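*Asks:* See upload-v1.cif below, with mmCIF, C-alpha atoms and all ligand atoms.
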```cif
data_query
#
loop_
_atom_site.label_atom_id
_atom_site.label_comp_id
_atom_site.auth_asym_id
_atom_site.auth_seq_id
_atom_site.Cartn_x
_atom_site.Cartn_y
_atom_site.Cartn_z
CA MET I 1 5.43 3.59 -25.58
CA THR I 2 5.13 5.68 -28.73
CA TYR I 3 6.02 4.81 -32.30
CA HIS I 4 9.15 6.98 -32.29
CA LEU I 5 10.51 5.47 -29.07
CA THR I 6 9.74 1.94 -30.28
CA ARG I 7 11.49 2.60 -33.59
CA PHE I 8 14.52 4.02 -31.74
CA CYS I 9 14.70 0.91 -29.51
CA PHE I 10 14.40 -1.37 -32.57
CA ILE I 11 17.22 0.41 -34.43
CA ALA I 12 19.36 0.39 -31.27
CA ALA I 13 18.79 -3.37 -30.83
CA ILE I 14 19.80 -3.99 -34.45
CA GLY I 15 22.92 -1.92 -33.86
CA VAL I 16 23.87 -3.87 -30.73
CA ILE I 17 23.37 -7.20 -32.54
CA ALA I 18 25.51 -5.97 -35.45
CA LEU I 19 28.31 -5.03 -33.03
CA LEU I 20 28.08 -8.38 -31.23
CA TYR I 21 28.19 -10.13 -34.59
CA TRP I 22 31.25 -8.12 -35.63
CA PHE I 23 33.22 -8.59 -32.40
CA PHE I 24 31.97 -11.92 -31.05
CA ALA I 25 30.59 -13.59 -34.20
CA ILE I 26 27.17 -14.26 -32.64
CA THR I 27 24.57 -15.78 -34.95
CA LEU I 28 22.47 -13.33 -36.99
CA TRP I 29 19.39 -15.29 -35.94
CA TRP I 30 19.35 -12.85 -33.01
CA LEU I 31 17.90 -10.31 -35.49
CA VAL I 32 14.65 -12.25 -35.45
CA LEU I 33 13.93 -11.32 -31.83
CA PRO I 34 13.81 -7.49 -32.15
CA SER I 35 12.07 -7.84 -35.53
CA VAL I 36 9.27 -9.92 -34.02
CA ILE I 37 8.90 -7.61 -31.02
CA TYR I 38 8.91 -4.53 -33.26
CA SER I 39 6.29 -6.01 -35.60
CA ALA I 40 4.10 -6.98 -32.65
CA CYS I 41 4.35 -3.43 -31.29
CA LEU I 42 3.34 -1.96 -34.67
CA ILE I 43 0.35 -4.28 -34.97
CA TYR I 44 -0.76 -3.57 -31.39
CA GLY I 45 -0.18 0.16 -31.75
CA SER I 46 -2.12 0.50 -34.98
CA SER I 47 -5.09 -1.62 -33.91
CA VAL I 48 -5.53 -0.43 -30.30
CA ILE I 49 -6.49 3.23 -30.49
CA GLN I 50 -6.22 3.66 -26.71
CA ALA I 51 -2.49 2.88 -26.94
CA ASN I 52 -1.84 6.37 -28.40
CA PHE I 53 0.96 4.73 -30.34
CA PHE I 54 0.95 6.56 -33.68
CA ALA I 55 -1.26 9.46 -32.66
CA PRO I 56 -2.77 10.85 -29.47
CA ALA I 57 -6.43 9.85 -29.28
CA THR I 58 -9.01 11.00 -26.77
CA CYS I 59 -10.80 7.89 -25.53
CA SER I 60 -12.53 9.12 -22.36
CA ALA I 61 -12.84 12.12 -20.06
CA ASP I 62 -11.24 12.39 -16.65
CA THR I 63 -14.24 13.20 -14.49
CA THR I 64 -16.11 11.93 -11.46
CA GLU I 65 -19.35 13.49 -12.70
CA LYS I 66 -21.90 10.87 -13.76
CA ILE I 67 -21.69 11.71 -17.42
CA ILE I 68 -20.99 9.53 -20.48
CA ALA I 69 -20.76 10.18 -24.21
CA LEU I 70 -22.49 8.11 -26.86
CA SER I 71 -20.90 7.93 -30.29
CA PHE I 72 -22.16 6.34 -33.49
CA ASP I 73 -19.98 5.38 -36.45
CA ASP I 74 -20.72 4.89 -40.16
CA ASP I 75 -23.51 7.48 -40.41
CA PRO I 76 -25.81 8.54 -41.84
CA HIS I 77 -28.03 5.50 -42.47
CA SER I 78 -31.43 6.18 -44.04
CA GLU I 79 -33.18 3.42 -42.07
CA TYR I 80 -31.47 3.36 -38.68
CA THR I 81 -30.27 6.92 -38.01
CA PRO I 82 -33.90 8.19 -37.71
CA GLN I 83 -34.58 5.40 -35.18
CA VAL I 84 -31.50 6.39 -33.18
CA LEU I 85 -32.57 10.04 -33.19
CA ALA I 86 -36.06 9.10 -31.99
CA LEU I 87 -34.63 7.03 -29.12
CA LEU I 88 -32.21 9.78 -28.10
CA ALA I 89 -35.10 12.24 -28.03
CA LYS I 90 -37.21 9.82 -25.98
CA TYR I 91 -34.46 9.57 -23.34
CA ASN I 92 -33.48 13.25 -23.57
CA ALA I 93 -29.93 12.24 -24.54
CA THR I 94 -27.44 13.74 -27.00
CA ALA I 95 -24.75 11.96 -28.99
CA SER I 96 -22.00 12.31 -31.60
CA PHE I 97 -22.33 10.90 -35.11
CA PHE I 98 -19.20 10.09 -37.13
CA VAL I 99 -20.11 10.45 -40.76
CA ILE I 100 -18.77 8.65 -43.84
CA GLY I 101 -18.57 11.14 -46.71
CA LYS I 102 -19.92 8.79 -49.39
CA HIS I 103 -23.03 8.13 -47.25
CA ILE I 104 -24.04 11.79 -47.21
CA HIS I 105 -25.53 12.03 -50.72
CA GLY I 106 -29.30 11.47 -50.44
CA ASN I 107 -29.17 11.69 -46.63
CA GLU I 108 -28.56 15.43 -46.30
CA ASN I 109 -31.76 15.94 -44.31
CA LEU I 110 -30.61 13.40 -41.74
CA LEU I 111 -27.40 15.36 -41.25
CA LYS I 112 -29.42 18.52 -40.72
CA GLN I 113 -31.75 16.71 -38.32
CA ILE I 114 -28.77 15.50 -36.25
CA ILE I 115 -27.63 19.11 -35.77
CA VAL I 116 -31.10 20.60 -35.29
CA GLU I 117 -31.81 18.09 -32.53
CA GLY I 118 -28.67 19.18 -30.65
CA HIS I 119 -26.26 16.35 -31.49
CA SER I 120 -22.82 16.69 -33.03
CA ILE I 121 -21.12 15.43 -36.16
CA GLY I 122 -17.58 14.18 -36.70
CA ASN I 123 -15.51 12.96 -39.66
CA HIS I 124 -15.15 9.23 -40.30
CA SER I 125 -13.34 9.47 -43.71
CA TYR I 126 -14.90 9.61 -47.16
CA SER I 127 -14.58 6.02 -48.37
CA HIS I 128 -14.15 3.97 -45.17
CA SER I 129 -12.34 1.60 -47.50
CA PHE I 130 -11.04 -1.68 -46.11
CA PHE I 131 -7.64 -0.72 -47.54
CA ILE I 132 -7.69 2.88 -46.28
CA ASP I 133 -4.75 2.27 -43.97
CA PHE I 134 -2.43 1.80 -46.96
CA LYS I 135 -3.01 5.42 -48.02
CA ASN I 136 -0.24 8.01 -47.89
CA VAL I 137 -0.56 11.36 -46.12
CA GLN I 138 -2.11 13.00 -49.19
CA GLY I 139 -4.62 10.17 -49.50
CA PHE I 140 -5.74 10.61 -45.88
CA LYS I 141 -5.92 14.38 -46.32
CA GLU I 142 -8.26 13.89 -49.28
CA GLU I 143 -10.42 11.46 -47.28
CA LEU I 144 -10.79 14.05 -44.53
CA THR I 145 -11.27 17.18 -46.64
CA GLN I 146 -13.77 15.58 -49.03
CA THR I 147 -16.02 14.65 -46.11
CA GLU I 148 -15.41 17.93 -44.31
CA GLU I 149 -16.51 19.88 -47.39
CA LEU I 150 -19.63 17.76 -47.89
CA ILE I 151 -20.62 18.21 -44.24
CA PHE I 152 -19.94 21.95 -44.47
CA LYS I 153 -22.16 22.26 -47.53
CA VAL I 154 -25.06 20.65 -45.65
CA ILE I 155 -24.80 22.03 -42.12
CA GLY I 156 -22.63 25.13 -42.61
CA LYS I 157 -20.17 24.02 -39.98
CA ARG I 158 -16.57 22.74 -40.00
CA VAL I 159 -16.09 19.52 -38.06
CA LYS I 160 -12.78 18.92 -36.32
CA LEU I 161 -13.25 15.59 -34.60
CA PHE I 162 -12.04 12.51 -36.47
CA ARG I 163 -12.68 8.88 -35.71
CA PRO I 164 -10.34 6.65 -37.75
CA PRO I 165 -12.16 3.89 -39.67
CA TYR I 166 -11.94 0.58 -37.77
CA GLY I 167 -10.14 2.50 -35.02
CA VAL I 168 -6.88 1.81 -36.82
CA THR I 169 -4.16 4.47 -36.77
CA THR I 170 -1.05 4.72 -38.95
CA PRO I 171 1.79 7.27 -39.17
CA ASN I 172 0.26 8.70 -42.38
CA LEU I 173 -3.19 9.02 -40.82
CA ALA I 174 -1.69 10.72 -37.76
CA LYS I 175 0.22 13.19 -39.92
CA ALA I 176 -2.81 14.04 -42.08
CA ALA I 177 -5.03 14.57 -39.02
CA LYS I 178 -2.42 16.85 -37.47
CA LEU I 179 -1.92 18.87 -40.66
CA LEU I 180 -5.68 19.44 -40.94
CA ASP I 181 -6.01 20.23 -37.23
CA TYR I 182 -8.25 17.26 -36.44
CA ARG I 183 -8.58 15.81 -32.97
CA ILE I 184 -8.62 12.01 -33.04
CA ILE I 185 -11.43 10.49 -31.00
CA GLY I 186 -11.43 6.89 -29.83
CA TRP I 187 -13.52 5.16 -27.17
CA ASN I 188 -13.07 3.18 -23.98
CA ILE I 189 -16.22 1.06 -24.30
CA ARG I 190 -16.42 -0.86 -27.57
CA SER I 191 -19.83 -2.46 -27.89
CA LEU I 192 -18.78 -4.75 -30.77
CA ASP I 193 -22.35 -4.34 -32.02
CA THR I 194 -21.35 -5.25 -35.57
CA THR I 195 -20.27 -8.76 -34.53
CA LYS I 196 -22.45 -11.87 -34.35
CA ASP I 197 -22.91 -11.42 -30.57
CA THR I 198 -26.49 -11.29 -29.33
CA VAL I 199 -28.21 -8.15 -28.08
CA GLU I 200 -27.95 -9.50 -24.53
CA VAL I 201 -24.19 -10.11 -24.76
CA ILE I 202 -23.51 -6.70 -26.32
CA THR I 203 -25.72 -4.88 -23.83
CA GLN I 204 -24.05 -6.66 -20.92
CA ARG I 205 -20.62 -5.75 -22.32
CA VAL I 206 -21.54 -2.06 -22.42
CA GLN I 207 -23.28 -1.98 -19.05
CA SER I 208 -20.51 -3.80 -17.19
CA GLN I 209 -17.95 -1.19 -18.30
CA MET I 210 -20.09 1.91 -17.85
CA LYS I 211 -18.37 4.56 -15.74
CA SER I 212 -18.01 8.32 -15.46
CA GLY I 213 -16.32 9.95 -18.44
CA ALA I 214 -16.72 6.94 -20.74
CA ILE I 215 -17.03 7.18 -24.52
CA ILE I 216 -19.20 4.38 -25.90
CA LEU I 217 -18.83 3.19 -29.50
CA LEU I 218 -21.97 2.03 -31.31
CA HIS I 219 -23.00 1.82 -34.97
CA ASP I 220 -26.48 2.81 -36.12
CA THR I 221 -26.37 0.33 -38.95
CA SER I 222 -28.55 -2.56 -37.77
CA HIS I 223 -31.72 -3.38 -35.87
CA LYS I 224 -29.57 -5.10 -33.26
CA SER I 225 -27.73 -1.86 -32.48
CA ILE I 226 -31.05 -0.07 -32.04
CA GLN I 227 -32.09 -2.64 -29.44
CA VAL I 228 -28.72 -2.32 -27.68
CA LEU I 229 -29.10 1.46 -27.71
CA GLU I 230 -32.53 1.39 -26.08
CA GLN I 231 -31.33 -0.93 -23.31
CA THR I 232 -28.17 1.13 -22.82
CA LEU I 233 -30.13 4.40 -22.57
CA ASN I 234 -32.53 2.80 -20.14
CA TYR I 235 -29.74 1.41 -17.95
CA ALA I 236 -27.73 4.65 -18.01
CA GLN I 237 -30.79 6.61 -16.95
CA GLN I 238 -31.52 4.17 -14.11
CA GLN I 239 -27.92 4.52 -12.92
CA GLY I 240 -28.19 8.32 -12.97
CA TYR I 241 -25.84 8.97 -15.90
CA LYS I 242 -26.28 12.02 -18.10
CA ILE I 243 -25.78 11.06 -21.77
CA VAL I 244 -24.08 13.67 -23.92
CA SER I 245 -22.15 14.26 -27.12
CA ILE I 246 -18.35 14.05 -27.16
CA GLU I 247 -18.10 17.83 -27.44
CA GLN I 248 -20.15 18.20 -24.26
CA LEU I 249 -18.18 15.50 -22.45
CA LEU I 250 -14.84 17.09 -23.34
CA ASN I 251 -16.03 20.72 -23.03
CA ILE I 252 -15.11 21.40 -26.65
CA LYS I 253 -16.38 24.72 -27.90
CA GLU I 254 -18.02 24.89 -31.31
CA VAL I 255 -15.53 25.61 -34.09
CA GLY I 256 -15.88 27.17 -37.51
CA VAL I 257 -19.05 28.74 -38.75
CA GLN I 258 -21.72 29.16 -36.13
CA MET I 259 -24.20 26.32 -36.17
CA ASP I 260 -27.61 27.34 -37.40
CA ARG I 261 -30.25 25.53 -35.37
CA ASN I 262 -32.90 26.72 -37.83
CA ILE I 263 -31.51 24.82 -40.81
CA ARG I 264 -34.29 23.55 -43.04
ZN ZN I 301 -16.58 2.81 -39.19
#
```
Here is a file; write its structure as structure tokens.

*Replies:*
Amino acid sequence: MTYHLTRFCFIAAIGVIALLYWFFAITLWWLVLPSVIYSACLIYGSSVIQANFFAPATCSADTTEKIIALSFDDDPHSEYTPQVLALLAKYNATASFFVIGKHIHGNENLLKQIIVEGHSIGNHSYSHSFFIDFKNVQGFKEELTQTEELIFKVIGKRVKLFRPPYGVTTPNLAKAAKLLDYRIIGWNIRSLDTTKDTVEVITQRVQSQMKSGAIILLHDTSHKSIQVLEQTLNYAQQQGYKIVSIEQLLNIKEVGVQMDRNIR
């Protein structure tokens, strides 16, 4: 059920109620029903990225190969990103890092290190503001281009994968992403590693859902997430999964300027 179809059904329901009111004098309280259903659909559609409600989002790969993608949001982090990179190297795994533009300043070397070590970078907006979803199309375009330019300045490469902040999508976000040729990336395993849950609970949540083609969402913003990552890498390796970046999982070819693995 997409946004456009839902909106059409809502308008049609309002029309039918108006006709029934006109010809049979039914109570206008009937308007409450489609309004509530429509609002519920909008809330569900904007908050559940897998619903593909406002915009198509890639949340997993259709494969039987034992391969999974690790993704980190809210990068780069001066304390935890180096720890994540060290763990990924230890387990011979690659991953995707979704970068917040305002976090780049002062962490340029981390961005370079991510690329040099064979991982990939995506766009996660410039501000990651709590109120970002109230922005218009132009506002979202600025969020994306500001971060894209900053990343380009550091690594010499255009990124074209976008993870919406909080996983929330809106019609304006969808339009901006489309205009700038971004592919929206979601996940199908949400670790919820930024909640109060313990390492054990989060690790169990990830492990119990692990399957071929999965995209796992983590944040390298706390010591807890580092512990979850180590246990997840260990478990995945024991189960015979290859851990890769989203580009590798989805067979996405590099775009833009050729990546320079010798960046200093
Ligand atoms: Zn985020």

*Asks:* Using all atoms listed in the file, which residues of the polymer chains come no farther than 9 Å from ligand ZN 301 (chain I)? I'd like the answer as a ChimeraX atom specification.

*Replies:* /I:72-75,98-100,124-125,128,163-167,219

*Asks:* Given all atoms listed in the file as the basis, pick out the residue of I:Thr2, I:Thr170, I:Ser212, I:Thr145 nearest to Lys66 (chain I).

*Replies:*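 For Lys66 (chain I), the nearest of the given residues is I:Ser212.
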
*Asks:* Could you name the residues that touch His77 (chain I) at 8 Å or less, counting only C-alpha atoms, but leaving out those on the same chain fewer than 2 positions away, as a ChimeraX atom specification?

*Replies:* /I:74-75,79-81,103,107,220-221

*Asks:* Between I:Phe130, I:Tyr21, I:Tyr3, I:Trp187, which one has atoms that come closest to Ser60 (chain I), using all atoms listed in the file?

*Replies:* I:Trp187

*Asks:* Listing only residues of region 23-79 of chain I within 6 Å of region 235-245 of chain I, what is the closest atom pair and its distance in Å (to one decimal) for each, using all atoms listed in the file, sorted by chain and residue number ascending, as JSON lines?

*Replies:*
```
{"residue": "I:Lys66", "atom": "CA", "partner": "I:Tyr241", "partner_atom": "CA", "distance": 4.9}
{"residue": "I:Ile67", "atom": "CA", "partner": "I:Lys242", "partner_atom": "CA", "distance": 4.7}
{"residue": "I:Ile68", "atom": "CA", "partner": "I:Ile243", "partner_atom": "CA", "distance": 5.2}
{"residue": "I:Ala69", "atom": "CA", "partner": "I:Val244", "partner_atom": "CA", "distance": 4.8}
```

*Asks:* Which residues are near Pro171 (chain I)? Cut-off 7 Å, all atoms listed in the file, ignore same chain within fewer than 3 positions. Put them as a PyMOL selection string.

*Replies:* chain I and resi 54+174-175

*Asks:* Do you know which residues lie at most 10 Å from (-22.9, -6.4, -29.9), with coordinates as in the file and only C-alpha atoms counted, and could you write them as a list in words?

*Replies:* Arg190, Ser191, Leu192, Asp193, Thr194, Thr195, Lys196, Asp197, Thr198, Val199, Glu200, Val201, Ile202, Thr203, Gln204, Arg205, Val206, Leu218, His219, Lys224, Ser225, Gln227 and Val228 of chain I

*Asks:* Restricted to C-alpha atoms, what would the selected residues look like written as a short mmCIF file (atom, residue, chain, number, x, y, z; two decimals), in the coordinates of the input?

*Replies:*
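Saved result, again.cif, follows:
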```cif
data_model
loop_
_atom_site.label_atom_id
_atom_site.label_comp_id
_atom_site.auth_asym_id
_atom_site.auth_seq_id
_atom_site.Cartn_x
_atom_site.Cartn_y
_atom_site.Cartn_z
CA ARG I 190 -16.42 -0.86 -27.57
CA SER I 191 -19.83 -2.46 -27.89
CA LEU I 192 -18.78 -4.75 -30.77
CA ASP I 193 -22.35 -4.34 -32.02
CA THR I 194 -21.35 -5.25 -35.57
CA THR I 195 -20.27 -8.76 -34.53
CA LYS I 196 -22.45 -11.87 -34.35
CA ASP I 197 -22.91 -11.42 -30.57
CA THR I 198 -26.49 -11.29 -29.33
CA VAL I 199 -28.21 -8.15 -28.08
CA GLU I 200 -27.95 -9.50 -24.53
CA VAL I 201 -24.19 -10.11 -24.76
CA ILE I 202 -23.51 -6.70 -26.32
CA THR I 203 -25.72 -4.88 -23.83
CA GLN I 204 -24.05 -6.66 -20.92
CA ARG I 205 -20.62 -5.75 -22.32
CA VAL I 206 -21.54 -2.06 -22.42
CA LEU I 218 -21.97 2.03 -31.31
CA HIS I 219 -23.00 1.82 -34.97
CA LYS I 224 -29.57 -5.10 -33.26
CA SER I 225 -27.73 -1.86 -32.48
CA GLN I 227 -32.09 -2.64 -29.44
CA VAL I 228 -28.72 -2.32 -27.68
#
```

*Asks:* Separation of CA of Arg183 (chain I) and CA of Phe162 (chain I), in Å?

*Replies:*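 If I compute the distance from CA of Arg183 (chain I) to CA of Phe162 (chain I), I get 5.9 Å.
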
*Asks:* Grab the CA of Leu42 (chain I) to CA of Leu217 (chain I) distance for me, in Å with one decimal place.

*Replies:*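 Taking CA of Leu42 (chain I) and CA of Leu217 (chain I), their separation equals 23.3 Å.
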
*Asks:* What separation in Å, quoted to one decimal, exists between CA of Phe8 (chain I) and CA of Thr58 (chain I)?

*Replies:* 25.0 Å

*Asks:* Write out as an MDAnalysis selection string which residues come within 12 Å of Ser39 (chain I) when counting all atoms listed in the file, dropping same-chain ones fewer than 6 positions away.

*Replies:* chainID I and resid 3 6:7 10 32:33 45:46

*Asks:* What's the 10 Å shell around Glu230 (chain I), counting all atoms listed in the file, without same-chain residues fewer than 6 positions away, as number ranges by chain?

*Replies:* I: 84, 87-88, 90-91, 203, 236
